[in-house]
Every structure is written in structure tokens, then in C-alpha cells.
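Undergrad: Provided herewith: work.cif, mmCIF, C-alpha atoms.
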```
data_target
#
loop_
_atom_site.label_atom_id
_atom_site.label_comp_id
_atom_site.auth_asym_id
_atom_site.auth_seq_id
_atom_site.Cartn_x
_atom_site.Cartn_y
_atom_site.Cartn_z
CA MET A 808 -32.72 9.07 38.54
CA LYS A 809 -29.75 8.22 36.45
CA SER A 810 -26.78 6.96 38.33
CA GLN A 811 -23.55 8.45 37.16
CA LYS A 812 -20.72 6.13 36.36
CA PRO A 813 -17.61 6.86 38.35
CA ARG A 814 -15.24 8.59 35.96
CA ILE A 815 -11.52 8.08 36.08
CA ASP A 816 -9.84 11.42 36.52
CA ILE A 817 -6.41 10.93 34.95
CA ILE A 818 -5.33 14.53 35.46
CA ASN A 819 -6.11 14.38 39.18
CA GLU A 820 -4.26 11.05 39.53
CA ILE A 821 -1.21 12.42 37.72
CA LEU A 822 -1.28 15.56 39.89
CA GLU A 823 -1.42 13.46 43.06
CA GLU A 824 1.48 11.29 41.91
CA CYS A 825 3.48 14.40 41.04
CA ILE A 826 2.82 15.84 44.50
CA ILE A 827 4.13 12.61 46.03
CA ALA A 828 7.19 12.66 43.76
CA PHE A 829 7.85 16.41 44.06
CA PRO A 830 6.44 17.50 47.44
CA VAL A 831 8.14 20.92 47.47
CA SER A 832 7.37 21.90 43.88
CA SER A 833 5.31 25.07 44.04
CA PHE A 834 4.35 24.60 40.38
CA ILE A 835 2.74 21.23 40.99
CA ILE A 836 1.03 22.46 44.16
CA SER A 837 -0.42 25.48 42.37
CA LEU A 838 -1.64 23.27 39.49
CA TYR A 839 -3.28 20.91 41.98
CA GLN A 840 -5.00 23.76 43.81
CA ARG A 841 -6.22 25.29 40.56
CA TYR A 842 -7.50 21.92 39.34
CA GLN A 843 -9.38 21.36 42.61
CA LYS A 844 -10.87 24.85 42.50
CA MET A 845 -11.61 25.30 38.79
CA GLY A 846 -11.91 21.71 37.60
CA SER A 847 -9.64 22.17 34.58
CA LEU A 848 -6.22 23.33 33.46
CA SER A 849 -5.11 25.21 30.38
CA LYS A 850 -3.22 23.56 27.57
CA LYS A 851 0.08 25.15 28.63
CA GLN A 852 -0.45 24.05 32.22
CA LEU A 853 -1.15 20.50 31.06
CA ILE A 854 2.03 20.56 28.96
CA GLY A 855 3.98 21.64 32.05
CA LEU A 856 2.33 18.87 34.06
CA HIS A 857 3.25 16.35 31.37
CA ASP A 858 6.88 17.50 31.47
CA LYS A 859 7.01 17.07 35.25
CA ALA A 860 5.12 13.74 35.17
CA SER A 861 7.42 12.30 32.51
CA LYS A 862 10.30 12.58 35.02
CA ILE A 863 8.58 10.21 37.49
CA GLN A 864 9.99 6.66 37.27
CA GLY A 865 6.99 4.61 38.48
CA LEU A 866 4.24 6.42 36.59
CA ALA A 867 2.18 4.22 34.29
CA PRO A 868 2.86 4.98 30.61
CA GLY A 869 -0.87 4.74 29.88
CA LYS A 870 -1.55 7.74 32.11
CA LEU A 871 1.06 9.80 30.27
CA ALA A 872 -0.41 8.72 26.94
CA THR A 873 -3.88 9.72 28.11
CA LEU A 874 -2.56 13.11 29.23
CA GLU A 875 -0.92 13.56 25.82
CA ALA A 876 -4.23 12.74 24.12
CA ILE A 877 -6.04 15.29 26.28
CA ILE A 878 -3.43 17.91 25.38
CA LYS A 879 -3.66 17.16 21.64
CA ARG A 880 -7.44 17.35 21.75
CA MET A 881 -7.39 20.86 23.24
CA PRO A 882 -7.43 23.79 20.80
CA THR A 883 -4.27 25.80 20.29
CA ARG A 884 -4.91 29.51 20.49
CA TYR A 885 -2.78 31.87 18.48
CA LYS A 886 -2.54 35.60 18.94
CA SER A 887 -2.98 37.54 15.76
CA GLU A 888 -0.30 39.97 14.75
CA LYS A 889 -0.79 43.57 15.73
CA PRO A 890 -1.73 45.78 12.82
CA GLU A 891 0.80 48.33 11.69
CA PRO A 892 0.20 51.73 13.24
CA LYS A 893 -1.49 54.14 10.87
CA PRO A 894 -1.54 57.90 11.20
CA LEU A 895 -4.71 59.30 12.70
CA PHE A 896 -5.17 61.65 9.80
CA GLU A 897 -4.08 61.20 6.22
CA LYS A 898 -3.68 64.31 4.13
CA ASP A 899 -5.81 64.49 1.02
CA GLU A 900 -3.62 65.86 -1.77
CA GLY A 901 -6.68 67.26 -3.58
CA ILE A 902 -7.46 69.53 -0.64
CA GLY A 903 -3.85 70.75 -0.55
CA LYS A 904 -3.97 71.56 -4.26
CA MET A 905 -7.24 73.47 -3.84
CA ILE A 906 -5.77 75.54 -1.01
CA ASP A 907 -2.60 76.24 -3.02
CA GLU A 908 -4.64 77.27 -6.06
CA ILE A 909 -6.68 79.73 -4.00
CA LEU A 910 -3.63 81.17 -2.27
CA SER A 911 -1.72 81.51 -5.54
CA LYS A 912 -4.46 83.86 -6.84
CA TYR A 913 -5.26 85.53 -3.51
CA PRO A 914 -2.33 85.20 -1.06
CA GLY A 915 -4.13 87.22 1.62
CA HIS A 916 -7.34 85.17 1.63
CA LYS A 917 -7.98 84.69 5.37
CA GLY A 918 -10.28 81.67 5.00
CA ALA A 919 -7.78 79.82 2.81
CA ILE A 920 -4.90 80.72 5.15
CA PHE A 921 -6.88 79.35 8.10
CA LEU A 922 -7.71 76.12 6.24
CA ARG A 923 -4.07 75.74 5.16
CA SER A 924 -2.92 75.99 8.79
CA LYS A 925 -5.42 73.27 9.78
CA TYR A 926 -4.34 71.15 6.81
CA GLU A 927 -0.62 71.48 7.63
CA ASN A 928 -1.25 70.66 11.31
CA ASN A 929 -2.91 67.38 10.26
CA GLU A 930 -6.28 68.45 11.62
CA PRO A 931 -9.28 67.05 9.75
CA LEU A 932 -11.37 69.59 7.90
CA SER A 933 -15.09 69.59 8.65
CA PRO A 934 -17.60 69.13 5.83
CA ALA A 935 -18.58 72.81 6.13
CA GLU A 936 -14.93 73.84 5.72
CA LEU A 937 -14.58 71.58 2.70
CA ASP A 938 -17.70 73.16 1.19
CA ASP A 939 -16.21 76.63 1.78
CA LEU A 940 -12.99 75.54 0.10
CA LYS A 941 -14.85 74.23 -2.94
CA ARG A 942 -16.91 77.41 -3.07
CA PHE A 943 -13.73 79.55 -3.01
CA GLN A 944 -12.23 77.48 -5.80
CA SER A 945 -15.36 77.66 -7.95
CA MET A 946 -15.49 81.45 -7.48
CA ILE A 947 -11.87 81.75 -8.65
CA ARG A 948 -12.59 79.62 -11.73
CA LEU A 949 -15.68 81.72 -12.54
CA LYS A 950 -13.63 84.92 -12.37
CA GLU A 951 -10.98 83.37 -14.65
CA GLN A 952 -13.65 82.38 -17.20
CA LYS A 953 -15.15 85.90 -17.15
CA ASN A 954 -11.74 87.48 -17.69
CA LYS A 955 -11.10 85.40 -20.80
#
```
Can the structure from this file be put into C-alpha cells for me?

TA:
Amino acid sequence: MKSQKPRIDIINEILEECIIAFPVSSFIISLYQRYQKMGSLSKKQLIGLHDKASKIQGLAPGKLATLEAIIKRMPTRYKSEKPEPKPLFEKDEGIGKMIDEILSKYPGHKGAIFLRSKYENNEPLSPAELDDLKRFQSMIRLKEQKNK
């Protein structure tokens, strides 16, 4: 079996010295409990520990330097910016023009009136409804070509 070398735990030593220096600090006590339970601290927690430890007069400067090195070695996590809100449905101008063209020729066309109400209420049109709309438009164009 491999024998493990005893590791020096700088963070634990600094926490213990901070508890001695600031016995009523709930921040230091909570950091110590978390470190004992989880075995690590976050980068922000280590920065807070460094701020508290730098106020202690008798603390060895090498321990503070080691804590700074541990902090610098940890990754900094950034939150990405939230994307701008987009509308759930964007109106297709081509569909609006098709509906207007049909209703200009036949203002009482019930199917076109129904599709216009859905279009104006920002409801998406189903593929079947779009096919109907294209069929209505092609029928109108065929009638115009026959009348010429």
C-alpha cells in the first residue's frame, strides 16, 4: 500500500486562525463548517476568507500568499447576458398580403375572414390553413386570367 504524505491544509489553518481572531464572526464559522463538511469553498468564499484573514496581525504572509494563489488558480465563472425577449409569433407580411388580396376581390369570403382574424390575433396558421390560403389566391388569379 502506498502511504499518503501528510498534506498541509492552508485553508483549514487560515480558517482556524480566523476563528481564534474573530470568535463571534458568523461568516467565519459558517465557512469553517462548510469546509469541514464539503471539503472545499467557492472562489467568492475564499475571497471573503482572504479579506478577513488579511486583517489578522500575526498571520504568516506565506499563508496569505498561498491563499491568493489558490484563488487565482480557480476559474472565474461569468453569467451570460439574457437574450432579448422576442415575440412568440412574428407576422409574415406575405400571408397578410395574400389575405388582403383575397378579401379585396371577395370581401365576404368566410375562410379568408377567419384566417385574417387568426393572423391579426398573432395566432400561427397551420400548414393546412396556409395551403387553403394559397389555393384561394391561385383560384382568384386563374379567374383574373380567364377574364382577360

Undergrad: What does the structure give for the distance between atom CA of A:Ala860 and atom CA of A:Gly846, in Å to one decimal?

TA: 19.0 Å

Undergrad: Expanded to explicit residues, what is the PyMOL selection byres ((chain A and resi 927-930) around 8) for this file, as a PyMOL selection string?

TA: chain A and resi 896-898+923-926+931-932

Undergrad: Which residues, named as in the file, does the PyMOL selection byres ((chain A and resi 820-831) around 9) pick out? Answer as a ChimeraX atom specification.

TA: /A:815-819,832-836,838-839,842,856-857,859-860,863,866,870-871,874

Undergrad: Kindly give the distance, in Å, that separates atom CA of A:Phe943 and atom CA of A:Ala919, rounded to a single decimal.

TA: 8.3 Å

Undergrad: Could you tell me how far atom CA of A:Asp907 lies from atom CA of A:Leu940, in Å and to one decimal?

TA: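 Separating atom CA of A:Asp907 from atom CA of A:Leu940 is a distance of 10.9 Å.
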
Undergrad: Supply stretch 877-907 of chain A as a compact mmCIF listing (two decimals), keeping the file's coordinate frame, with N, CA and C atoms built in where the input has gaps.

TA:
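And here's result.txt as it stands now:
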```txt
# COMPACT_ATOMS: atom_id res chain seq x y z
N ILE A 877 -5.24 14.15 25.81
CA ILE A 877 -6.04 15.29 26.28
C ILE A 877 -5.44 16.59 25.78
N ILE A 878 -4.11 16.69 25.84
CA ILE A 878 -3.43 17.91 25.38
C ILE A 878 -3.64 18.11 23.89
N LYS A 879 -3.50 17.04 23.10
CA LYS A 879 -3.66 17.16 21.64
C LYS A 879 -5.09 17.50 21.25
N ARG A 880 -6.05 17.08 22.05
CA ARG A 880 -7.44 17.35 21.75
C ARG A 880 -7.82 18.81 22.03
N MET A 881 -7.07 19.46 22.90
CA MET A 881 -7.39 20.86 23.24
C MET A 881 -6.99 21.79 22.10
N PRO A 882 -7.76 22.86 21.88
CA PRO A 882 -7.43 23.79 20.80
C PRO A 882 -6.20 24.62 21.15
N THR A 883 -5.43 24.92 20.12
CA THR A 883 -4.27 25.80 20.29
C THR A 883 -4.71 27.19 19.89
N ARG A 884 -4.49 28.13 20.76
CA ARG A 884 -4.91 29.51 20.49
C ARG A 884 -3.69 30.33 20.08
N TYR A 885 -3.86 31.03 18.99
CA TYR A 885 -2.78 31.87 18.48
C TYR A 885 -3.20 33.33 18.59
N LYS A 886 -2.27 34.17 18.93
CA LYS A 886 -2.54 35.60 18.94
C LYS A 886 -2.28 36.13 17.54
N SER A 887 -3.19 36.94 17.07
CA SER A 887 -2.98 37.54 15.76
C SER A 887 -1.95 38.65 15.88
N GLU A 888 -1.32 38.93 14.75
CA GLU A 888 -0.30 39.97 14.75
C GLU A 888 -0.96 41.33 14.90
N LYS A 889 -0.26 42.23 15.57
CA LYS A 889 -0.79 43.57 15.73
C LYS A 889 -0.73 44.29 14.39
N PRO A 890 -1.77 45.04 14.08
CA PRO A 890 -1.73 45.78 12.82
C PRO A 890 -0.70 46.90 12.89
N GLU A 891 -0.18 47.26 11.73
CA GLU A 891 0.80 48.33 11.69
C GLU A 891 0.12 49.64 12.07
N PRO A 892 0.82 50.46 12.84
CA PRO A 892 0.20 51.73 13.24
C PRO A 892 0.00 52.64 12.03
N LYS A 893 -1.19 53.22 11.96
CA LYS A 893 -1.49 54.14 10.87
C LYS A 893 -1.64 55.53 11.46
N PRO A 894 -1.34 56.55 10.68
CA PRO A 894 -1.54 57.90 11.20
C PRO A 894 -3.03 58.16 11.42
N LEU A 895 -3.32 59.01 12.39
CA LEU A 895 -4.71 59.30 12.70
C LEU A 895 -5.39 60.05 11.56
N PHE A 896 -4.62 60.85 10.86
CA PHE A 896 -5.17 61.65 9.80
C PHE A 896 -4.27 61.55 8.59
N GLU A 897 -4.85 61.25 7.46
CA GLU A 897 -4.08 61.20 6.22
C GLU A 897 -4.45 62.41 5.39
N LYS A 898 -3.43 63.11 4.92
CA LYS A 898 -3.68 64.31 4.13
C LYS A 898 -4.22 63.93 2.76
N ASP A 899 -5.24 64.66 2.35
CA ASP A 899 -5.81 64.49 1.02
C ASP A 899 -5.11 65.49 0.11
N GLU A 900 -4.40 64.99 -0.88
CA GLU A 900 -3.62 65.86 -1.77
C GLU A 900 -4.52 66.82 -2.55
N GLY A 901 -5.75 66.40 -2.84
CA GLY A 901 -6.68 67.26 -3.58
C GLY A 901 -7.01 68.52 -2.80
N ILE A 902 -7.16 68.38 -1.48
CA ILE A 902 -7.46 69.53 -0.64
C ILE A 902 -6.26 70.48 -0.63
N GLY A 903 -5.05 69.91 -0.53
CA GLY A 903 -3.85 70.75 -0.55
C GLY A 903 -3.71 71.52 -1.85
N LYS A 904 -4.05 70.88 -2.96
CA LYS A 904 -3.97 71.56 -4.26
C LYS A 904 -5.00 72.68 -4.35
N MET A 905 -6.21 72.43 -3.82
CA MET A 905 -7.24 73.47 -3.84
C MET A 905 -6.79 74.69 -3.04
N ILE A 906 -6.23 74.43 -1.86
CA ILE A 906 -5.77 75.54 -1.01
C ILE A 906 -4.65 76.31 -1.71
N ASP A 907 -3.70 75.58 -2.32
CA ASP A 907 -2.60 76.24 -3.02
C ASP A 907 -3.10 77.06 -4.21
```
